[in-house]
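One structure is given here, and the rest of the page talks about it.
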Amino acid sequence: MAYVVDPPKVVGLPVVGSADQFPVRRVYCVGRNYAAHAREMGFDPDREPPFFFCKPNDDASVVPVAAGETATIPYPGLTSNYHFEAELVVAIGKGGKDIAAEAAANHIYGYAVGLDMTRRDLQIKMREQGRPWEIGKAFDHSAPIGPVRRRADIGELNHGAITLAVDGQTKQKSDITHLIWSVDEVIANLSTLFELQPGDLIFTGTPEGVGAVQRGQQIEVRVDGLDALSVRIA
């Protein structure tokens with residue numbers, strides 16, 4: 001079949017121990033899934049049902065970063081409050097709808113470290129006006145992601161430190177056990193709203209300590225058991 005314009009290419013993430021890549025289908029994000037982060041954003045961290053937003057899945061938004069490399073991304077326009085958010089990312093390998101939490105792990109292909117980069121001033125402005133968050137969350141280069149490690153190789157990730165440093169200074173430090181909704185619960189809940197498919201990514205939320213980053217600074221994110229993600233702001 002021919003197309004009237006060139007179709008977008010599939011974005012692939014590197015997979016540790018494989019020459020093949022993980023194809024990105026959709027990018028889902030969980031909002032305020034750490035209690036301390038909810039508090040610092042001015043919200044009650046009570047365990048209400050999780051809410052979700054999406055980022056584009058194209059090569060303008062998703063930035064694959066290989067192990068040991070540092071990606072360079074531009075400081076985006078129209079913002080003066082450009083924030084980092086360290087996150088554990090779950091890669092879905094088996095689709096499904098209305099997935100039980102007890103069976104959710106069977107749908108996970110692997111895990112990666114991600115950054116939910118945010119134009120915070122624009123996000124807050126949209127929130128105050130009751131409008132969608134896209135201009136604050138879904139802009140170009142907003143989703144750097146490190147290499148995927150297969151669940152078959154490392155097992156389930158239900159605990160482990162998650163940290164973020166800017167120019168070597170720790171800004172975020174927590175543990176995956178502090179998720180309000182666990183990885184399995186997130187998958188179960190999301191699958192009631194969308195039928196998940198292989199290639200989907202889920203950003204599971206960020207801990208407290210989010211803050212602004214400036215041009216020239218380097219961000220490094222680590223999750224125990226996964227390859228570090230390194231990004232420099234141009």
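Naming scheme: A, B, ... for chains in displayed order of the structure tokens; residues 1 onward per chain; ligands 1 onward as shown.
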Considering only C-alpha atoms, tabulate each residue of segment 34-79 of chain A that lies at most 9 Å from segment 128-144 of chain A along with its nearest interatomic pair and the corresponding distance in Å to one decimal; arrange the rows by chain and ascending residue number and present them as a tab-separated table.
```
residue	atom	partner	partner_atom	distance
A:Phe53	CA	A:Trp133	CA	8.1
A:Cys54	CA	A:Ala138	CA	7.2
A:Lys55	CA	A:Ala138	CA	4.7
A:Pro56	CA	A:Ala138	CA	6.2
A:Asp59	CA	A:His141	CA	8.2
A:Ala60	CA	A:Asp140	CA	5.1
A:Ser61	CA	A:His141	CA	4.2
A:Val62	CA	A:Ala143	CA	4.7
A:Val63	CA	A:Pro144	CA	4.3
A:Pro64	CA	A:Pro144	CA	5.9
A:Val65	CA	A:Pro144	CA	6.9
A:Ala71	CA	A:Pro144	CA	8.2
A:Ile73	CA	A:His141	CA	6.4
A:Pro74	CA	A:His141	CA	7.6
A:Pro76	CA	A:Asp140	CA	7.9
A:Thr79	CA	A:Gly136	CA	9.0
```
Within 12 Å of segment 97-111 of chain A using only C-alpha atoms, minus same-chain residues under 4 positions, as a compact mmCIF listing (two decimals) with N, CA, C and O atoms, in the first residue's frame:
```
# COMPACT_ATOMS: atom_id res chain seq x y z
N LEU A 13 13.21 1.01 21.30
CA LEU A 13 14.10 1.17 22.44
C LEU A 13 15.11 0.03 22.46
O LEU A 13 14.75 -1.13 22.18
N PRO A 14 16.36 0.30 22.81
CA PRO A 14 17.33 -0.78 22.92
C PRO A 14 16.94 -1.76 24.02
O PRO A 14 16.38 -1.38 25.04
N VAL A 15 17.21 -3.03 23.78
CA VAL A 15 16.94 -4.10 24.75
C VAL A 15 18.26 -4.71 25.16
O VAL A 15 19.05 -5.14 24.31
N VAL A 16 18.53 -4.73 26.45
CA VAL A 16 19.79 -5.26 26.95
C VAL A 16 19.90 -6.74 26.61
O VAL A 16 18.98 -7.53 26.85
N GLN A 21 15.02 -4.46 18.97
CA GLN A 21 14.53 -3.34 19.74
C GLN A 21 13.07 -3.56 20.18
O GLN A 21 12.35 -4.36 19.60
N PHE A 22 12.68 -2.82 21.22
CA PHE A 22 11.30 -2.86 21.69
C PHE A 22 10.53 -1.76 20.96
O PHE A 22 10.84 -0.58 21.11
N PRO A 23 9.51 -2.11 20.16
CA PRO A 23 8.77 -1.10 19.40
C PRO A 23 7.76 -0.36 20.28
O PRO A 23 6.99 -0.98 21.00
N GLU A 87 11.28 8.32 36.61
CA GLU A 87 10.22 7.33 36.65
C GLU A 87 10.72 5.93 36.26
O GLU A 87 11.62 5.79 35.43
N LEU A 88 10.09 4.93 36.87
CA LEU A 88 10.21 3.55 36.40
C LEU A 88 9.23 3.38 35.25
O LEU A 88 8.05 3.73 35.37
N VAL A 89 9.71 2.84 34.12
CA VAL A 89 8.87 2.61 32.95
C VAL A 89 8.67 1.11 32.77
O VAL A 89 9.63 0.33 32.85
N VAL A 90 7.42 0.72 32.54
CA VAL A 90 7.08 -0.68 32.31
C VAL A 90 6.78 -0.88 30.83
O VAL A 90 6.00 -0.11 30.24
N ALA A 91 7.39 -1.88 30.22
CA ALA A 91 7.17 -2.21 28.81
C ALA A 91 6.25 -3.42 28.72
O ALA A 91 6.55 -4.48 29.28
N ILE A 92 5.13 -3.26 28.05
CA ILE A 92 4.14 -4.32 27.94
C ILE A 92 4.48 -5.25 26.77
O ILE A 92 4.71 -4.79 25.64
N GLY A 93 4.49 -6.55 27.04
CA GLY A 93 4.81 -7.52 26.00
C GLY A 93 3.65 -8.39 25.59
O GLY A 93 3.70 -9.07 24.56
N ILE A 145 14.11 7.74 27.43
CA ILE A 145 13.97 6.41 28.03
C ILE A 145 15.25 5.61 27.80
O ILE A 145 15.79 5.59 26.69
N GLY A 146 15.72 4.96 28.85
CA GLY A 146 16.91 4.13 28.75
C GLY A 146 16.60 2.75 28.19
O GLY A 146 15.46 2.44 27.82
N PRO A 147 17.59 1.89 28.13
CA PRO A 147 17.40 0.54 27.57
C PRO A 147 16.48 -0.32 28.43
O PRO A 147 16.43 -0.17 29.65
N VAL A 148 15.77 -1.21 27.77
CA VAL A 148 14.84 -2.12 28.44
C VAL A 148 15.58 -3.36 28.91
O VAL A 148 16.37 -3.96 28.18
N ARG A 149 15.32 -3.73 30.16
CA ARG A 149 15.78 -5.02 30.67
C ARG A 149 14.59 -5.95 30.79
O ARG A 149 13.56 -5.59 31.35
N ARG A 150 14.73 -7.16 30.25
CA ARG A 150 13.63 -8.11 30.19
C ARG A 150 13.29 -8.66 31.57
O ARG A 150 14.17 -8.98 32.36
N ARG A 151 11.99 -8.77 31.84
CA ARG A 151 11.54 -9.36 33.10
C ARG A 151 12.03 -10.80 33.20
O ARG A 151 12.34 -11.28 34.30
N ALA A 152 12.14 -11.49 32.07
CA ALA A 152 12.62 -12.86 32.08
C ALA A 152 14.05 -12.95 32.60
O ALA A 152 14.47 -14.00 33.12
N ASP A 153 14.80 -11.86 32.49
CA ASP A 153 16.20 -11.84 32.93
C ASP A 153 16.36 -11.36 34.36
O ASP A 153 17.24 -11.84 35.09
N ILE A 154 15.54 -10.39 34.79
CA ILE A 154 15.76 -9.76 36.10
C ILE A 154 14.63 -10.01 37.08
O ILE A 154 14.73 -9.63 38.25
N GLY A 155 13.55 -10.64 36.64
CA GLY A 155 12.42 -10.85 37.52
C GLY A 155 11.56 -9.60 37.64
O GLY A 155 11.78 -8.60 36.95
N GLU A 156 10.57 -9.64 38.53
CA GLU A 156 9.69 -8.49 38.72
C GLU A 156 10.40 -7.40 39.52
O GLU A 156 11.18 -7.69 40.42
N LEU A 157 10.08 -6.15 39.21
CA LEU A 157 10.61 -5.02 39.95
C LEU A 157 9.50 -4.45 40.83
O LEU A 157 8.67 -3.66 40.37
N ASN A 158 9.47 -4.87 42.06
CA ASN A 158 8.48 -4.38 43.01
C ASN A 158 9.11 -3.56 44.13
O ASN A 158 8.40 -3.02 44.97
N TRP A 181 -0.03 3.23 43.95
CA TRP A 181 -0.55 2.09 43.20
C TRP A 181 0.64 1.32 42.65
O TRP A 181 1.45 1.86 41.93
N SER A 182 0.74 0.04 43.00
CA SER A 182 1.86 -0.78 42.56
C SER A 182 1.84 -0.94 41.04
O SER A 182 0.83 -0.64 40.38
N VAL A 183 2.93 -1.44 40.50
CA VAL A 183 3.01 -1.68 39.06
C VAL A 183 1.86 -2.58 38.61
O VAL A 183 1.18 -2.31 37.62
N ASP A 184 1.64 -3.67 39.32
CA ASP A 184 0.57 -4.60 38.94
C ASP A 184 -0.79 -3.93 39.00
O ASP A 184 -1.65 -4.15 38.13
N GLU A 185 -1.02 -3.11 40.02
CA GLU A 185 -2.30 -2.41 40.15
C GLU A 185 -2.49 -1.37 39.05
O GLU A 185 -3.60 -1.17 38.56
N VAL A 186 -1.41 -0.71 38.68
CA VAL A 186 -1.48 0.27 37.59
C VAL A 186 -1.88 -0.42 36.29
O VAL A 186 -2.76 0.06 35.55
N ILE A 187 -1.24 -1.53 35.99
CA ILE A 187 -1.58 -2.28 34.77
C ILE A 187 -3.04 -2.71 34.80
O ILE A 187 -3.77 -2.56 33.80
N ALA A 188 -3.48 -3.24 35.93
CA ALA A 188 -4.86 -3.71 36.05
C ALA A 188 -5.84 -2.57 35.82
O ALA A 188 -6.82 -2.70 35.07
N ASN A 189 -5.58 -1.43 36.45
CA ASN A 189 -6.50 -0.30 36.33
C ASN A 189 -6.49 0.28 34.92
O ASN A 189 -7.55 0.56 34.35
N LEU A 190 -5.30 0.45 34.35
CA LEU A 190 -5.20 1.01 33.00
C LEU A 190 -5.91 0.12 31.99
O LEU A 190 -6.53 0.61 31.04
N SER A 191 -5.84 -1.19 32.20
CA SER A 191 -6.44 -2.12 31.24
C SER A 191 -7.96 -2.12 31.27
O SER A 191 -8.61 -2.71 30.41
N THR A 192 -8.56 -1.47 32.28
CA THR A 192 -10.01 -1.29 32.27
C THR A 192 -10.40 -0.10 31.40
O THR A 192 -11.55 0.00 30.98
N LEU A 193 -9.45 0.80 31.15
CA LEU A 193 -9.70 2.01 30.37
C LEU A 193 -9.30 1.85 28.91
O LEU A 193 -9.93 2.44 28.01
N PHE A 194 -8.23 1.11 28.67
CA PHE A 194 -7.71 0.85 27.33
C PHE A 194 -7.35 -0.63 27.23
O PHE A 194 -6.85 -1.20 28.20
N GLU A 195 -7.53 -1.21 26.08
CA GLU A 195 -7.00 -2.56 25.86
C GLU A 195 -5.51 -2.43 25.58
O GLU A 195 -5.11 -1.86 24.56
N LEU A 196 -4.70 -2.92 26.49
CA LEU A 196 -3.25 -2.82 26.33
C LEU A 196 -2.78 -3.74 25.21
O LEU A 196 -3.35 -4.80 24.96
N GLN A 197 -1.69 -3.32 24.56
CA GLN A 197 -1.14 -4.06 23.45
C GLN A 197 0.38 -4.16 23.60
O GLN A 197 1.00 -3.31 24.25
N PRO A 198 0.99 -5.19 23.01
CA PRO A 198 2.45 -5.25 23.02
C PRO A 198 3.04 -3.97 22.42
O PRO A 198 2.56 -3.48 21.40
N GLY A 199 4.05 -3.44 23.08
CA GLY A 199 4.66 -2.20 22.63
C GLY A 199 4.25 -1.00 23.45
O GLY A 199 4.85 0.07 23.34
N ASP A 200 3.23 -1.16 24.30
CA ASP A 200 2.83 -0.05 25.16
C ASP A 200 3.86 0.17 26.27
O ASP A 200 4.46 -0.79 26.78
N LEU A 201 4.04 1.44 26.64
CA LEU A 201 4.90 1.82 27.75
C LEU A 201 4.06 2.50 28.81
O LEU A 201 3.13 3.24 28.49
N ILE A 202 4.39 2.26 30.07
CA ILE A 202 3.71 2.91 31.18
C ILE A 202 4.73 3.58 32.08
O ILE A 202 5.56 2.90 32.71
N PHE A 203 4.70 4.92 32.15
CA PHE A 203 5.48 5.66 33.13
C PHE A 203 4.70 5.59 34.44
O PHE A 203 3.55 6.03 34.51
N THR A 204 5.31 5.05 35.50
CA THR A 204 4.55 4.68 36.69
C THR A 204 4.45 5.77 37.75
O THR A 204 3.84 5.55 38.80
N VAL A 223 17.46 3.44 38.67
CA VAL A 223 16.54 2.54 39.37
C VAL A 223 17.31 1.23 39.59
O VAL A 223 17.93 0.71 38.65
N ASP A 224 17.30 0.74 40.81
CA ASP A 224 18.04 -0.48 41.12
C ASP A 224 17.67 -1.59 40.13
O ASP A 224 16.49 -1.86 39.88
N GLY A 225 18.70 -2.23 39.57
CA GLY A 225 18.49 -3.34 38.66
C GLY A 225 18.41 -2.96 37.20
O GLY A 225 18.36 -3.85 36.34
N LEU A 226 18.39 -1.65 36.91
CA LEU A 226 18.27 -1.20 35.53
C LEU A 226 19.45 -0.32 35.14
O LEU A 226 20.19 0.16 36.00
N ASP A 227 19.62 -0.10 33.83
CA ASP A 227 20.69 0.77 33.35
C ASP A 227 20.32 2.23 33.61
O ASP A 227 19.18 2.63 33.39
N ALA A 228 21.30 3.01 34.02
CA ALA A 228 21.08 4.41 34.29
C ALA A 228 20.72 5.15 33.00
O ALA A 228 21.10 4.75 31.88
```
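Each of A:Met126, A:Ser230, A:Ser18, A:Pro50 was checked against Ala38 of chain A using only C-alpha atoms; the smallest atom-to-atom distance is that of A:Pro50.
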Check: In chain A, what's helix (DSSP H, G or I) per DSSP? Answer as number ranges by chain?
Finding: A: 35-40, 101-107, 120-128, 134-137, 151-154, 176-178, 183-193
Margin query: Taking the DSSP secondary structure from the backbone, can you list the residues of segment 150-228 of chain A that are strand (DSSP E or B), as a ChimeraX atom specification?
Written below: /A:150,161-166,169-175,179,196,201-203,211-212,218-223
With N, CA, C and O atoms retained, write the just-selected residues as a tab-separated table (two decimals), in the first residue's frame.
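Result saved to out28.tsv:
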```
chain	number	residue	atom	x	y	z
A	150	ARG	N	14.73	-7.16	30.25
A	150	ARG	CA	13.63	-8.11	30.19
A	150	ARG	C	13.29	-8.66	31.57
A	150	ARG	O	14.17	-8.98	32.36
A	161	ALA	N	15.59	1.24	44.92
A	161	ALA	CA	15.76	2.69	44.97
A	161	ALA	C	15.56	3.32	43.60
A	161	ALA	O	15.93	2.74	42.57
A	162	ILE	N	14.97	4.51	43.59
A	162	ILE	CA	14.87	5.33	42.40
A	162	ILE	C	15.43	6.70	42.76
A	162	ILE	O	15.01	7.32	43.74
A	163	THR	N	16.44	7.16	42.00
A	163	THR	CA	17.11	8.41	42.32
A	163	THR	C	17.33	9.23	41.06
A	163	THR	O	17.42	8.69	39.95
A	164	LEU	N	17.45	10.54	41.26
A	164	LEU	CA	17.79	11.44	40.16
A	164	LEU	C	18.79	12.47	40.69
A	164	LEU	O	18.61	13.01	41.79
A	165	ALA	N	19.82	12.69	39.89
A	165	ALA	CA	20.83	13.69	40.24
A	165	ALA	C	20.99	14.68	39.10
A	165	ALA	O	20.89	14.31	37.92
A	166	VAL	N	21.22	15.94	39.44
A	166	VAL	CA	21.51	16.99	38.46
A	166	VAL	C	22.93	17.47	38.71
A	166	VAL	O	23.25	17.93	39.82
A	169	GLN	N	24.36	16.18	41.92
A	169	GLN	CA	23.69	16.48	43.19
A	169	GLN	C	22.32	15.81	43.20
A	169	GLN	O	21.48	16.06	42.33
A	170	THR	N	22.08	14.97	44.22
A	170	THR	CA	20.84	14.22	44.30
A	170	THR	C	19.66	15.15	44.54
A	170	THR	O	19.67	15.98	45.45
A	171	LYS	N	18.63	15.00	43.71
A	171	LYS	CA	17.41	15.81	43.82
A	171	LYS	C	16.20	14.96	44.19
A	171	LYS	O	15.32	15.42	44.93
A	172	GLN	N	16.12	13.76	43.66
A	172	GLN	CA	15.03	12.84	43.97
A	172	GLN	C	15.61	11.54	44.51
A	172	GLN	O	16.59	11.02	43.97
A	173	LYS	N	14.99	11.03	45.56
A	173	LYS	CA	15.45	9.78	46.16
A	173	LYS	C	14.28	9.11	46.86
A	173	LYS	O	13.71	9.67	47.79
A	174	SER	N	13.91	7.92	46.40
A	174	SER	CA	12.80	7.20	46.98
A	174	SER	C	12.97	5.72	46.68
A	174	SER	O	14.07	5.26	46.35
A	175	ASP	N	11.88	4.97	46.80
A	175	ASP	CA	11.89	3.54	46.53
A	175	ASP	C	10.59	3.17	45.83
A	175	ASP	O	9.53	3.77	46.11
A	179	LEU	N	5.27	3.54	45.78
A	179	LEU	CA	4.19	3.79	44.83
A	179	LEU	C	2.85	3.66	45.54
A	179	LEU	O	2.62	2.68	46.27
A	196	LEU	N	-4.70	-2.92	26.49
A	196	LEU	CA	-3.25	-2.82	26.33
A	196	LEU	C	-2.78	-3.74	25.21
A	196	LEU	O	-3.35	-4.80	24.96
A	201	LEU	N	4.04	1.44	26.64
A	201	LEU	CA	4.90	1.82	27.75
A	201	LEU	C	4.06	2.50	28.81
A	201	LEU	O	3.13	3.24	28.49
A	202	ILE	N	4.39	2.26	30.07
A	202	ILE	CA	3.71	2.91	31.18
A	202	ILE	C	4.73	3.58	32.08
A	202	ILE	O	5.56	2.90	32.71
A	203	PHE	N	4.70	4.92	32.15
A	203	PHE	CA	5.48	5.66	33.13
A	203	PHE	C	4.70	5.59	34.44
A	203	PHE	O	3.55	6.03	34.51
A	211	GLY	N	11.99	19.28	40.19
A	211	GLY	CA	12.46	20.66	40.17
A	211	GLY	C	12.94	21.06	38.80
A	211	GLY	O	12.95	20.26	37.86
A	212	ALA	N	13.34	22.31	38.69
A	212	ALA	CA	13.73	22.88	37.41
A	212	ALA	C	15.16	22.50	37.04
A	212	ALA	O	16.03	22.31	37.90
A	218	GLN	N	23.29	18.32	33.40
A	218	GLN	CA	23.17	16.90	33.07
A	218	GLN	C	22.33	16.20	34.14
A	218	GLN	O	22.55	16.38	35.34
A	219	ILE	N	21.37	15.40	33.69
A	219	ILE	CA	20.49	14.63	34.57
A	219	ILE	C	20.86	13.16	34.48
A	219	ILE	O	21.06	12.63	33.39
A	220	GLU	N	20.95	12.53	35.62
A	220	GLU	CA	21.17	11.08	35.64
A	220	GLU	C	20.12	10.44	36.54
A	220	GLU	O	19.96	10.84	37.70
A	221	VAL	N	19.42	9.45	36.00
A	221	VAL	CA	18.37	8.75	36.73
A	221	VAL	C	18.77	7.30	36.89
A	221	VAL	O	19.26	6.66	35.95
A	222	ARG	N	18.55	6.76	38.09
A	222	ARG	CA	18.86	5.37	38.37
A	222	ARG	C	17.70	4.68	39.07
A	222	ARG	O	17.05	5.27	39.93
A	223	VAL	N	17.46	3.44	38.67
A	223	VAL	CA	16.54	2.54	39.37
A	223	VAL	C	17.31	1.23	39.59
A	223	VAL	O	17.93	0.71	38.65
```
Next item on the list: Find the residues near Gly31 of chain A: any atom within 7 Å, counting only C-alpha atoms, skip ones fewer than 2 places away on the same chain, and give them as a ChimeraX atom specification.
Entry: /A:29,33,51-52,205
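Near Asn81 of chain A, within 8 Å and counting only C-alpha atoms, sit Thr79, His83, Arg119, Arg120, Asp121, Ala212 and Val213 of chain A; same-chain residues fewer than 2 positions away were not included.
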